[in-house]
>>> print(open('coords_19.txt').read())   # compact mmCIF, C-alpha atoms and all ligand atoms
# COMPACT_ATOMS: atom_id res chain seq x y z
CA MET C 1 -11.91 228.32 -47.24
CA THR C 2 -14.95 228.10 -44.97
CA GLN C 3 -16.85 224.85 -44.59
CA PRO C 4 -19.76 224.34 -47.00
CA TRP C 5 -23.28 224.58 -45.59
CA VAL C 6 -24.98 221.22 -45.83
CA ALA C 7 -28.57 222.10 -46.67
CA PRO C 8 -30.98 220.62 -44.13
CA VAL C 9 -33.25 217.87 -45.43
CA SER C 10 -36.86 218.18 -44.35
CA ALA C 11 -37.98 214.91 -42.86
CA SER C 12 -41.64 215.94 -43.14
CA PRO C 13 -43.73 218.41 -45.16
CA VAL C 14 -42.75 221.99 -44.25
CA ARG C 15 -45.57 223.73 -42.37
CA ALA C 16 -44.67 227.24 -41.28
CA THR C 17 -45.53 230.90 -41.13
CA VAL C 18 -42.67 233.16 -42.15
CA SER C 19 -42.04 236.93 -42.01
CA ILE C 20 -39.73 238.31 -44.66
CA PRO C 21 -37.65 241.50 -44.27
CA GLY C 22 -38.20 244.55 -46.50
CA SER C 23 -37.74 244.80 -50.24
CA LYS C 24 -34.22 245.54 -51.47
CA SER C 25 -35.56 247.35 -54.52
CA ILE C 26 -37.95 249.59 -52.58
CA THR C 27 -35.43 250.30 -49.80
CA ASN C 28 -32.66 251.40 -52.17
CA ARG C 29 -35.03 253.55 -54.24
CA ALA C 30 -36.38 255.18 -51.08
CA LEU C 31 -32.85 255.92 -49.86
CA ILE C 32 -31.84 257.59 -53.15
CA LEU C 33 -35.04 259.66 -53.31
CA ALA C 34 -34.67 260.63 -49.64
CA ALA C 35 -31.06 261.75 -50.14
CA LEU C 36 -32.09 263.93 -53.12
CA ALA C 37 -35.25 265.32 -51.49
CA ASP C 38 -36.08 268.85 -50.36
CA SER C 39 -36.68 267.83 -46.71
CA PRO C 40 -36.01 264.88 -44.38
CA SER C 41 -37.57 261.45 -44.95
CA ALA C 42 -38.12 258.33 -42.90
CA VAL C 43 -37.58 254.88 -44.40
CA ARG C 44 -39.70 252.54 -42.30
CA THR C 45 -39.24 248.75 -42.10
CA PRO C 46 -36.32 248.90 -44.55
CA LEU C 47 -34.25 245.93 -45.57
CA ARG C 48 -31.00 245.96 -43.64
CA SER C 49 -28.65 243.77 -45.62
CA ARG C 50 -25.41 244.10 -47.51
CA ASP C 51 -26.97 245.82 -50.56
CA THR C 52 -28.88 248.40 -48.53
CA ASN C 53 -26.10 248.96 -45.98
CA LEU C 54 -23.78 249.71 -48.91
CA MET C 55 -26.29 252.27 -50.20
CA VAL C 56 -26.49 253.92 -46.77
CA ALA C 57 -22.69 253.99 -46.41
CA ALA C 58 -22.30 255.48 -49.89
CA LEU C 59 -24.88 258.22 -49.34
CA ARG C 60 -23.31 259.09 -46.00
CA SER C 61 -19.89 259.34 -47.62
CA LEU C 62 -21.42 261.79 -50.12
CA GLY C 63 -22.78 264.00 -47.33
CA ALA C 64 -26.32 262.80 -46.61
CA GLN C 65 -27.13 262.33 -42.93
CA ILE C 66 -28.67 258.94 -42.20
CA THR C 67 -29.47 258.00 -38.63
CA ASP C 68 -31.10 254.97 -37.02
CA GLU C 69 -34.46 255.19 -35.32
CA GLY C 70 -34.95 251.65 -34.10
CA GLU C 71 -35.05 249.56 -37.26
CA ASP C 72 -35.92 252.59 -39.41
CA TRP C 73 -33.63 255.05 -41.16
CA LEU C 74 -34.07 258.82 -40.96
CA VAL C 75 -32.51 260.63 -43.92
CA THR C 76 -31.62 264.32 -43.94
CA PRO C 77 -30.55 265.37 -47.41
CA ALA C 78 -27.54 267.58 -48.14
CA ALA C 79 -25.73 268.75 -51.26
CA LEU C 80 -23.85 265.63 -52.32
CA HIS C 81 -20.09 265.99 -52.68
CA GLY C 82 -16.75 264.23 -52.92
CA PRO C 83 -14.05 263.37 -52.46
CA ALA C 84 -15.50 259.97 -51.72
CA ASP C 85 -14.95 256.28 -52.37
CA VAL C 86 -18.13 254.32 -53.02
CA ASP C 87 -18.14 250.55 -52.54
CA CYS C 88 -20.88 249.05 -54.71
CA GLY C 89 -20.26 245.49 -53.51
CA LEU C 90 -22.13 243.34 -56.03
CA ALA C 91 -25.29 245.46 -55.83
CA GLY C 92 -26.83 246.41 -59.16
CA THR C 93 -29.02 248.95 -57.39
CA VAL C 94 -25.96 250.70 -55.95
CA MET C 95 -23.78 250.63 -59.07
CA ARG C 96 -26.64 251.80 -61.36
CA PHE C 97 -28.64 254.13 -59.05
CA LEU C 98 -25.87 256.04 -57.31
CA PRO C 99 -23.77 257.43 -60.20
CA PRO C 100 -26.75 259.37 -61.64
CA ALA C 101 -27.28 260.94 -58.18
CA ALA C 102 -23.58 261.56 -57.58
CA ALA C 103 -23.47 263.32 -60.97
CA ILE C 104 -25.13 266.39 -59.42
CA GLY C 105 -22.51 266.34 -56.66
CA GLN C 106 -19.32 268.32 -56.50
CA GLY C 107 -15.85 266.80 -56.54
CA GLU C 108 -14.20 263.50 -57.28
CA ILE C 109 -16.22 260.36 -56.52
CA ARG C 110 -14.60 256.98 -57.11
CA PHE C 111 -16.72 253.83 -57.55
CA ASP C 112 -15.58 250.23 -57.19
CA GLY C 113 -17.04 246.91 -56.09
CA ASP C 114 -16.51 243.17 -55.77
CA GLU C 115 -14.38 241.36 -58.31
CA TYR C 116 -17.39 240.10 -60.27
CA ALA C 117 -19.07 243.53 -60.07
CA ARG C 118 -16.35 244.75 -62.41
CA GLU C 119 -17.85 242.49 -65.08
CA ARG C 120 -21.46 243.60 -64.71
CA PRO C 121 -22.69 245.83 -67.57
CA MET C 122 -22.21 249.54 -66.78
CA GLY C 123 -21.22 251.22 -70.08
CA THR C 124 -24.81 252.10 -71.03
CA ILE C 125 -25.47 254.19 -67.96
CA LEU C 126 -22.04 255.82 -67.89
CA ASP C 127 -22.36 256.81 -71.57
CA ALA C 128 -25.86 258.13 -70.88
CA LEU C 129 -24.55 260.28 -68.04
CA ARG C 130 -21.78 261.61 -70.28
CA GLY C 131 -24.43 262.46 -72.87
CA LEU C 132 -26.31 264.38 -70.17
CA GLY C 133 -23.21 266.41 -69.26
CA ALA C 134 -21.23 264.32 -66.73
CA ASP C 135 -17.46 263.89 -66.72
CA ILE C 136 -16.60 260.24 -66.00
CA THR C 137 -13.36 258.31 -66.43
CA GLY C 138 -13.91 254.60 -67.13
CA ASP C 139 -16.55 252.37 -68.69
CA ARG C 140 -17.16 249.84 -65.95
CA LEU C 141 -16.17 249.48 -62.30
CA PRO C 142 -13.84 250.94 -61.14
CA PHE C 143 -14.60 254.42 -62.54
CA THR C 144 -14.35 258.01 -61.34
CA LEU C 145 -16.94 260.73 -61.60
CA HIS C 146 -15.69 264.32 -61.61
CA GLY C 147 -18.72 266.16 -60.22
CA LYS C 148 -19.45 269.75 -61.17
CA GLY C 149 -22.28 270.37 -58.67
CA SER C 150 -25.07 270.11 -61.26
CA LEU C 151 -25.96 268.31 -64.47
CA PRO C 152 -27.63 269.86 -67.54
CA GLY C 153 -29.74 266.72 -68.21
CA GLY C 154 -32.11 266.69 -71.20
CA GLU C 155 -32.67 263.83 -73.64
CA VAL C 156 -30.79 260.59 -73.95
CA THR C 157 -31.28 257.40 -76.00
CA ILE C 158 -30.00 254.16 -74.52
CA ASP C 159 -30.18 250.44 -75.15
CA ALA C 160 -31.56 249.13 -71.84
CA SER C 161 -32.02 245.54 -73.02
CA ALA C 162 -29.28 244.35 -70.64
CA SER C 163 -30.89 245.82 -67.50
CA SER C 164 -33.92 247.84 -66.46
CA GLN C 165 -31.70 249.39 -63.80
CA PHE C 166 -30.18 251.70 -66.44
CA VAL C 167 -33.59 253.33 -66.90
CA SER C 168 -34.52 253.31 -63.19
CA GLY C 169 -31.16 254.74 -62.15
CA LEU C 170 -31.43 257.69 -64.53
CA LEU C 171 -35.09 258.40 -63.72
CA LEU C 172 -34.57 258.46 -59.94
CA SER C 173 -32.16 261.41 -60.20
CA GLY C 174 -33.65 262.99 -63.36
CA PRO C 175 -35.85 265.56 -61.56
CA ARG C 176 -32.70 267.10 -60.08
CA TYR C 177 -31.10 267.71 -63.48
CA ASP C 178 -31.35 271.30 -64.76
CA LYS C 179 -33.55 270.39 -67.76
CA GLY C 180 -35.08 267.27 -66.23
CA LEU C 181 -34.72 264.09 -68.23
CA THR C 182 -36.13 262.18 -71.17
CA VAL C 183 -34.93 258.58 -71.56
CA ARG C 184 -35.67 256.72 -74.80
CA HIS C 185 -34.96 253.02 -75.12
CA ASP C 186 -33.82 251.73 -78.51
CA GLY C 187 -33.06 248.02 -78.67
CA LYS C 188 -34.48 244.61 -77.78
CA PRO C 189 -37.25 244.71 -75.13
CA VAL C 190 -36.29 246.04 -71.69
CA PRO C 191 -36.34 243.30 -69.02
CA SER C 192 -37.85 243.60 -65.53
CA MET C 193 -40.44 246.22 -66.52
CA PRO C 194 -42.25 246.02 -63.15
CA HIS C 195 -39.09 247.45 -61.61
CA ILE C 196 -39.39 250.50 -63.87
CA GLU C 197 -43.04 250.83 -62.85
CA MET C 198 -41.84 250.73 -59.23
CA THR C 199 -39.47 253.61 -60.00
CA VAL C 200 -42.20 255.64 -61.70
CA GLN C 201 -44.66 255.01 -58.89
CA MET C 202 -42.17 256.02 -56.21
CA LEU C 203 -41.16 259.18 -58.11
CA ARG C 204 -44.82 260.17 -58.37
CA ALA C 205 -45.31 259.46 -54.66
CA ALA C 206 -42.51 261.97 -54.03
CA GLY C 207 -44.32 264.64 -56.06
CA VAL C 208 -42.36 264.25 -59.30
CA GLU C 209 -44.16 264.60 -62.62
CA VAL C 210 -43.45 261.55 -64.79
CA ASN C 211 -44.75 260.91 -68.29
CA ASP C 212 -44.60 257.23 -69.29
CA SER C 213 -47.54 257.30 -71.68
CA GLU C 214 -45.51 256.14 -74.68
CA PRO C 215 -43.77 252.76 -74.72
CA ASP C 216 -40.01 252.96 -74.20
CA ILE C 217 -40.00 256.70 -73.42
CA TRP C 218 -39.90 258.11 -69.90
CA GLN C 219 -39.89 261.81 -69.06
CA VAL C 220 -39.35 263.41 -65.68
CA ARG C 221 -39.87 267.10 -65.18
CA PRO C 222 -37.21 269.08 -63.36
CA GLY C 223 -38.23 269.98 -59.83
CA ALA C 224 -38.13 269.07 -56.18
CA ILE C 225 -38.35 265.53 -54.85
CA GLN C 226 -40.46 265.73 -51.69
CA GLY C 227 -39.24 264.29 -48.42
CA ARG C 228 -41.78 261.82 -47.02
CA GLU C 229 -42.32 258.66 -45.07
CA TRP C 230 -41.60 255.48 -47.02
CA VAL C 231 -43.00 252.22 -45.69
CA VAL C 232 -41.17 249.29 -47.27
CA GLU C 233 -43.10 246.13 -48.23
CA PRO C 234 -41.65 242.66 -47.52
CA ASP C 235 -39.31 241.47 -50.28
CA LEU C 236 -41.46 239.16 -52.38
CA SER C 237 -38.54 237.76 -54.40
CA ASN C 238 -36.84 236.82 -51.15
CA ALA C 239 -40.09 235.17 -50.06
CA THR C 240 -40.00 232.73 -52.97
CA PRO C 241 -37.55 230.15 -51.53
CA PHE C 242 -39.77 229.83 -48.46
CA LEU C 243 -42.90 229.32 -50.59
CA ALA C 244 -40.94 226.83 -52.68
CA ALA C 245 -40.14 224.91 -49.49
CA ALA C 246 -43.85 224.17 -49.15
CA ALA C 247 -44.13 223.24 -52.82
CA VAL C 248 -41.26 220.71 -52.87
CA THR C 249 -41.99 219.00 -49.53
CA GLY C 250 -45.75 218.59 -49.92
CA GLY C 251 -46.26 221.24 -47.23
CA ARG C 252 -47.92 224.56 -46.59
CA VAL C 253 -46.19 227.92 -45.97
CA THR C 254 -47.67 231.33 -45.22
CA VAL C 255 -45.67 234.51 -45.81
CA THR C 256 -47.09 237.32 -43.69
CA GLY C 257 -47.72 240.89 -44.87
CA TRP C 258 -48.06 240.03 -48.58
CA PRO C 259 -49.32 243.26 -50.21
CA SER C 260 -52.64 243.09 -52.10
CA GLU C 261 -51.21 245.49 -54.69
CA THR C 262 -47.57 245.91 -55.53
CA THR C 263 -45.09 246.70 -58.28
CA GLN C 264 -42.71 244.01 -57.02
CA PRO C 265 -42.18 241.35 -59.69
CA GLY C 266 -41.98 238.72 -56.97
CA ASP C 267 -45.78 238.86 -56.84
CA ASP C 268 -45.78 236.82 -60.07
CA ILE C 269 -44.72 233.76 -58.09
CA ARG C 270 -48.41 233.31 -57.27
CA GLY C 271 -49.38 232.53 -60.87
CA ILE C 272 -46.27 230.45 -61.51
CA LEU C 273 -46.84 228.24 -58.46
CA GLU C 274 -50.45 227.80 -59.53
CA GLN C 275 -49.30 226.70 -62.97
CA MET C 276 -47.09 224.15 -61.24
CA GLY C 277 -50.13 222.80 -59.41
CA CYS C 278 -49.96 224.56 -56.02
CA THR C 279 -52.94 226.11 -54.27
CA VAL C 280 -52.22 229.77 -53.63
CA GLU C 281 -54.39 231.89 -51.34
CA LEU C 282 -53.97 235.57 -50.56
CA GLY C 283 -55.77 236.48 -47.35
CA ALA C 284 -55.58 238.62 -44.25
CA GLU C 285 -52.75 236.54 -42.75
CA GLY C 286 -50.65 236.75 -45.91
CA LEU C 287 -49.95 234.48 -48.86
CA THR C 288 -50.37 230.76 -48.28
CA VAL C 289 -49.02 228.14 -50.66
CA THR C 290 -50.14 224.53 -50.35
CA ALA C 291 -48.32 221.87 -52.35
CA PRO C 292 -50.00 219.52 -54.82
CA ALA C 293 -49.38 215.76 -54.71
CA GLU C 294 -46.87 216.31 -57.50
CA LEU C 295 -45.46 219.49 -59.03
CA SER C 296 -45.87 219.97 -62.79
CA GLY C 297 -43.27 221.42 -65.10
CA VAL C 298 -43.92 224.83 -66.67
CA ASP C 299 -43.19 226.77 -69.82
CA VAL C 300 -42.79 230.39 -68.72
CA ASP C 301 -41.40 233.65 -70.01
CA LEU C 302 -39.55 235.22 -67.08
CA HIS C 303 -38.38 238.35 -68.96
CA ASP C 304 -40.27 240.61 -66.53
CA VAL C 305 -39.39 238.64 -63.42
CA GLY C 306 -35.87 237.35 -64.03
CA GLU C 307 -35.04 237.60 -60.33
CA LEU C 308 -37.27 234.57 -59.71
CA THR C 309 -35.34 232.27 -62.04
CA PRO C 310 -33.12 230.45 -59.52
CA THR C 311 -36.14 229.57 -57.35
CA ILE C 312 -38.20 228.43 -60.34
CA ALA C 313 -35.30 226.41 -61.75
CA ALA C 314 -35.00 224.56 -58.42
CA LEU C 315 -38.75 223.86 -58.44
CA ALA C 316 -38.63 222.73 -62.06
CA ALA C 317 -35.81 220.29 -61.35
CA LEU C 318 -38.08 218.59 -58.80
CA ALA C 319 -41.28 218.67 -60.87
CA ARG C 320 -42.79 216.06 -63.17
CA GLY C 321 -42.20 216.81 -66.84
CA GLN C 322 -40.01 219.23 -68.68
CA SER C 323 -39.87 222.97 -67.94
CA VAL C 324 -38.80 225.71 -70.30
CA LEU C 325 -37.72 229.05 -68.82
CA ARG C 326 -37.50 231.76 -71.50
CA GLY C 327 -36.80 235.45 -72.01
CA ILE C 328 -33.91 235.64 -69.57
CA ALA C 329 -30.75 236.11 -71.63
CA HIS C 330 -30.05 239.21 -69.50
CA LEU C 331 -29.44 236.95 -66.48
CA ARG C 332 -25.95 236.44 -67.86
CA GLY C 333 -25.20 239.94 -66.47
CA HIS C 334 -26.68 239.37 -63.01
CA GLU C 335 -24.64 238.54 -59.88
CA THR C 336 -23.13 235.75 -61.95
CA ASP C 337 -24.08 234.23 -65.32
CA ARG C 338 -27.15 232.65 -63.76
CA LEU C 339 -28.01 230.49 -66.78
CA ALA C 340 -24.56 228.88 -66.85
CA ALA C 341 -24.47 228.59 -63.05
CA LEU C 342 -27.87 226.88 -62.79
CA ALA C 343 -27.10 224.47 -65.62
CA GLU C 344 -23.73 223.56 -64.17
CA ASP C 345 -24.88 223.12 -60.58
CA LEU C 346 -28.04 221.17 -61.43
CA ASN C 347 -26.19 218.91 -63.86
CA GLY C 348 -23.55 218.35 -61.18
CA LEU C 349 -26.29 216.85 -58.98
CA GLY C 350 -27.31 214.49 -61.77
CA GLY C 351 -29.86 216.79 -63.44
CA ASP C 352 -30.57 217.31 -67.11
CA VAL C 353 -30.45 221.03 -67.83
CA GLU C 354 -29.70 222.65 -71.13
CA GLU C 355 -28.80 226.29 -71.58
CA THR C 356 -30.54 227.94 -74.53
CA GLU C 357 -29.89 231.30 -76.12
CA ASP C 358 -32.43 232.97 -73.82
CA GLY C 359 -33.06 230.55 -70.98
CA LEU C 360 -33.04 227.00 -69.70
CA VAL C 361 -34.67 223.67 -70.53
CA ILE C 362 -34.96 221.55 -67.40
CA ARG C 363 -35.82 217.85 -67.59
CA PRO C 364 -36.31 216.39 -64.12
CA LYS C 365 -34.13 213.42 -63.19
CA PRO C 366 -33.42 211.83 -59.82
CA LEU C 367 -30.83 214.05 -58.12
CA HIS C 368 -28.06 213.14 -55.73
CA GLY C 369 -26.08 215.16 -53.18
CA GLY C 370 -22.91 217.04 -53.99
CA PRO C 371 -21.40 220.50 -54.18
CA TRP C 372 -23.60 223.47 -55.06
CA LYS C 373 -21.62 226.55 -56.06
CA ALA C 374 -23.21 229.89 -55.18
CA TYR C 375 -20.85 232.04 -57.30
CA ALA C 376 -21.34 234.84 -54.74
CA ASP C 377 -24.99 234.94 -55.84
CA HIS C 378 -27.55 235.05 -53.04
CA ARG C 379 -30.27 233.51 -55.21
CA MET C 380 -28.03 230.64 -56.32
CA ALA C 381 -27.40 229.90 -52.63
CA THR C 382 -31.11 229.87 -51.78
CA ALA C 383 -31.84 227.67 -54.82
CA GLY C 384 -29.39 225.13 -53.36
CA ALA C 385 -31.25 225.29 -50.05
CA ILE C 386 -34.56 224.48 -51.79
CA LEU C 387 -33.12 221.40 -53.51
CA GLY C 388 -31.44 220.30 -50.30
CA LEU C 389 -34.81 219.99 -48.57
CA VAL C 390 -35.46 216.83 -50.56
CA VAL C 391 -32.03 215.81 -51.88
CA ASP C 392 -29.69 214.51 -49.22
CA GLY C 393 -26.22 216.11 -49.08
CA VAL C 394 -26.49 219.31 -51.12
CA GLU C 395 -23.48 221.35 -49.98
CA VAL C 396 -23.69 225.08 -50.64
CA ASP C 397 -20.16 226.46 -50.75
CA ASP C 398 -20.98 230.01 -49.64
CA ILE C 399 -24.26 230.37 -47.78
CA ALA C 400 -23.01 233.66 -46.28
CA THR C 401 -23.55 235.27 -49.69
CA THR C 402 -27.28 235.34 -48.89
CA SER C 403 -26.52 238.38 -46.70
CA LYS C 404 -26.61 240.42 -49.93
CA THR C 405 -30.36 240.71 -49.43
CA LEU C 406 -31.34 238.37 -46.58
CA PRO C 407 -29.56 238.75 -43.28
CA ASP C 408 -29.48 235.44 -41.42
CA PHE C 409 -30.95 233.27 -44.14
CA PRO C 410 -29.65 230.04 -42.47
CA GLY C 411 -31.38 231.03 -39.21
CA MET C 412 -34.64 231.86 -41.00
CA TRP C 413 -34.49 228.55 -42.89
CA ALA C 414 -33.92 226.62 -39.66
CA ARG C 415 -36.82 228.42 -37.96
CA MET C 416 -39.07 227.64 -40.94
CA LEU C 417 -38.16 223.96 -40.64
CA GLY C 418 -39.09 224.20 -36.98
CA GLY C 419 -42.47 225.62 -38.03
CA GLY C 420 -41.99 229.01 -36.38
CA GLN C 421 -41.25 232.57 -37.49
O1 LIG T 1 -34.43 247.87 -60.12
C1 LIG T 1 -34.29 246.91 -59.35
O2 LIG T 1 -34.43 247.04 -58.12
C2 LIG T 1 -33.97 245.59 -59.93
C3 LIG T 1 -34.13 245.37 -61.27
C4 LIG T 1 -33.86 244.06 -61.90
O3 LIG T 1 -32.64 244.16 -62.61
P1 LIG T 1 -32.47 243.75 -64.18
O4 LIG T 1 -33.34 244.62 -64.98
O5 LIG T 1 -31.00 243.98 -64.41
O6 LIG T 1 -32.86 242.31 -64.26
C5 LIG T 1 -33.78 242.94 -60.89
O7 LIG T 1 -33.35 241.75 -61.48
C6 LIG T 1 -32.89 243.35 -59.74
O8 LIG T 1 -32.79 242.33 -58.79
C7 LIG T 1 -33.49 244.54 -59.01
C1 LIG T 2 -30.29 240.75 -60.04
C2 LIG T 2 -30.32 240.94 -58.72
O1 LIG T 2 -29.63 241.88 -58.03
P1 LIG T 2 -28.98 243.29 -58.38
O2 LIG T 2 -29.82 244.32 -57.67
O3 LIG T 2 -27.60 243.23 -57.81
O4 LIG T 2 -28.99 243.48 -59.87
C3 LIG T 2 -31.12 240.05 -57.84
O5 LIG T 2 -31.23 240.37 -56.64
O6 LIG T 2 -31.63 239.02 -58.29
>>> encode(input="coords_19.txt", output="structure tokens", more="lines below")
Ligand SMILES: O=C(O)C1=C[C@@H](OP(=O)(O)O)[C@@H](O)[C@H](O)C1
Ligand SMILES: C=C(OP(=O)(O)O)C(=O)O
Amino acid sequence: MTQPWVAPVSASPVRATVSIPGSKSITNRALILAALADSPSAVRTPLRSRDTNLMVAALRSLGAQITDEGEDWLVTPAALHGPADVDCGLAGTVMRFLPPAAAIGQGEIRFDGDEYARERPMGTILDALRGLGADITGDRLPFTLHGKGSLPGGEVTIDASASSQFVSGLLLSGPRYDKGLTVRHDGKPVPSMPHIEMTVQMLRAAGVEVNDSEPDIWQVRPGAIQGREWVVEPDLSNATPFLAAAAVTGGRVTVTGWPSETTQPGDDIRGILEQMGCTVELGAEGLTVTAPAELSGVDVDLHDVGELTPTIAALAALARGQSVLRGIAHLRGHETDRLAALAEDLNGLGGDVEETEDGLVIRPKPLHGGPWKAYADHRMATAGAILGLVVDGVEVDDIATTSKTLPDFPGMWARMLGGGQ
């Protein structure tokens, strides 16, 4: 067992300017679209991390040519084929986006992933693919796809209330199905809707005709996906622990390159930090967050932006007054059961956190140091780092798990504490 990472305490208010690597969600969408396109593509300023490296490795093993050009990736599409073994790691975007693409491939393609990945919900998308003509053995990881070189496609009704990635995954490959694709959602509201908008916007940017005019119905016409240049925005969800560092230490942090318009749900952190009392300014240098004298608790529905929950829970535990985080029952199927993990870890440090049916109630209490379990979840690990800025002796058991989406998080955190980039 490796030594825990003792989160550094900030002796003074954090004042720093930070640059954040590219968006995981945009990078992995761009890679899928590029591999299915009618001509080569460039993916500029991509995220290079475990989740995106797994996507690159998987697409290469299926026949796509992906080469490095400096930090960028150049993708030359090819007819996808097996036999191949795909390692999904713990990446939702790999396990839900790749099978729909591999379904137009030829041959046997086996999928597996980390131990906990085998528990993440997959049945919905595998059943949908079967309904569209695919031959798949298994209902969760590991499973095997027996590719026939094409997929009839057509209409499918799914319950996407457990993850928006079921819809995004199908839509990204839908134009390459013989009849195109119509996805209807039937069930409780779909979470993380901005991520579906991201999918639709990127499909349209690649020349695909998408009809999303009716709620819960998405249609993509069959046809070519155009090769193009993708320029990846900084990952705004990954930016949130750094902005939180300003908020909890009475400091001021600027994240460079914050887009003025985006489909990334991480952009919602601006409004949430304002509700907690921060001053938030979006300008030419980026997004700057200045802390208030004291953070206020919040009552927020995070259904659309569930990814932000661990950061907001850490902020809420250090605020004045109770916070209620709602609309996030689906977080039980994320990298770990995030509601249980946050409640357990925060209560272990002396907090008062109650798990509800669809979220958390957090009542701030003085916290003390102690173990902080990451449960292989990058955002649990960064939540521990936020708390550790002001609580002495928070020991994150597995800081290396941040490499899922943020290579060298400990180095970035240390540089932030030193004020630099
Ligand atoms: O499509 C995407 O890139 C993502 C969609 C969301 O998944 P859920 O809808 O399962 O929450 C989000 O939480 C995840 O980090 C990335
Ligand atoms: C839910 C997340 O990841 P994944 O893409 O693995 O679903 C996340 O990054 O918060």
>>> residues_near_ligand(input="coords_19.txt", ligand="ligand LIG 2 (chain T)", cutoff="10 Å", atoms="all atoms listed in the file", output="count of residues only")
42
>>> axis_aligned_box(input="coords_19.txt", around="stretch 388-407 of chain C", padding_each_side="5 Å", output="AutoDock Vina command-line options")
--center_x -27.8 --center_y 227.6 --center_z -47.6 --size_x 25.3 --size_y 36.2 --size_z 18.6
>>> closest_residue(input="coords_19.txt", among="C:Ala293, C:Leu181, C:Ala11, C:Leu172", to="ligand LIG 1 (chain T)", atoms="all atoms listed in the file")
C:Leu172
>>> closest_residue(input="coords_19.txt", among="C:Pro13, C:Gly149, C:Pro241, C:Gly180", to="C:Gly223", atoms="only C-alpha atoms")
C:Gly180
>>> closest_residue(input="coords_19.txt", among="C:Ala35, C:Leu389, C:Leu126, C:Met198", to="C:Thr262", atoms="only C-alpha atoms")
C:Met198
>>> residues_around(input="coords_19.txt", residues="C:Ile26", least_positions_apart="3", cutoff="8 Å", atoms="all atoms listed in the file", output="PyMOL selection string")
chain C and resi 22-23+29-30+198+232-233
>>> closest_residue(input="coords_19.txt", among="C:Glu197, C:Asp304, C:Asp408, C:Asp299", to="C:Gly321", atoms="all atoms listed in the file")
C:Asp299
>>> atom_distance(input="coords_19.txt", atom1="atom CA of C:Pro265", atom2="atom CA of C:Gly419")
26.8 Å
>>> atom_distance(input="coords_19.txt", atom1="atom O2 of ligand LIG 1 (chain T)", atom2="atom CA of C:Gly105")
22.7 Å
>>> closest_residue(input="coords_19.txt", among="C:Cys278, C:Val396, C:Leu236, C:Leu315", to="ligand LIG 1 (chain T)", atoms="all atoms listed in the file")
C:Leu236
>>> closest_residue(input="coords_19.txt", among="C:Met416, C:Ala160, C:Leu325, C:Met276", to="ligand LIG 1 (chain T)", atoms="all atoms listed in the file")
C:Ala160
>>> residues_around(input="coords_19.txt", residues="C:Phe242", least_positions_apart="4", cutoff="12 Å", atoms="all atoms listed in the file", output="JSON, numbers by chain")
{"C": [14, 15, 16, 17, 18, 19, 20, 235, 236, 237, 238, 246, 247, 248, 249, 251, 252, 253, 254, 255, 256, 269, 287, 288, 289, 290, 311, 315, 382, 383, 385, 386, 387, 389, 409, 410, 412, 413, 414, 415, 416, 417, 419, 421]}
>>> residues_near_point(input="coords_19.txt", point="(-20.4, 221.9, -56.7)", cutoff="8 Å", atoms="only C-alpha atoms", output="PyMOL selection string")
chain C and resi 345+348+370-373+395-397
>>> residues_around(input="coords_19.txt", residues="C:Val298", least_positions_apart="6", cutoff="9 Å", atoms="only C-alpha atoms", output="ChimeraX atom specification")
/C:272,275-276,316,319,321-325
>>> atom_distance(input="coords_19.txt", atom1="atom CA of C:Leu203", atom2="atom CA of C:Thr182")
14.3 Å
>>> residues_near_point(input="coords_19.txt", point="(-32.6, 213.5, -49.4)", cutoff="8 Å", atoms="all atoms listed in the file", output="PyMOL selection string")
chain C and resi 9+368-369+388-393
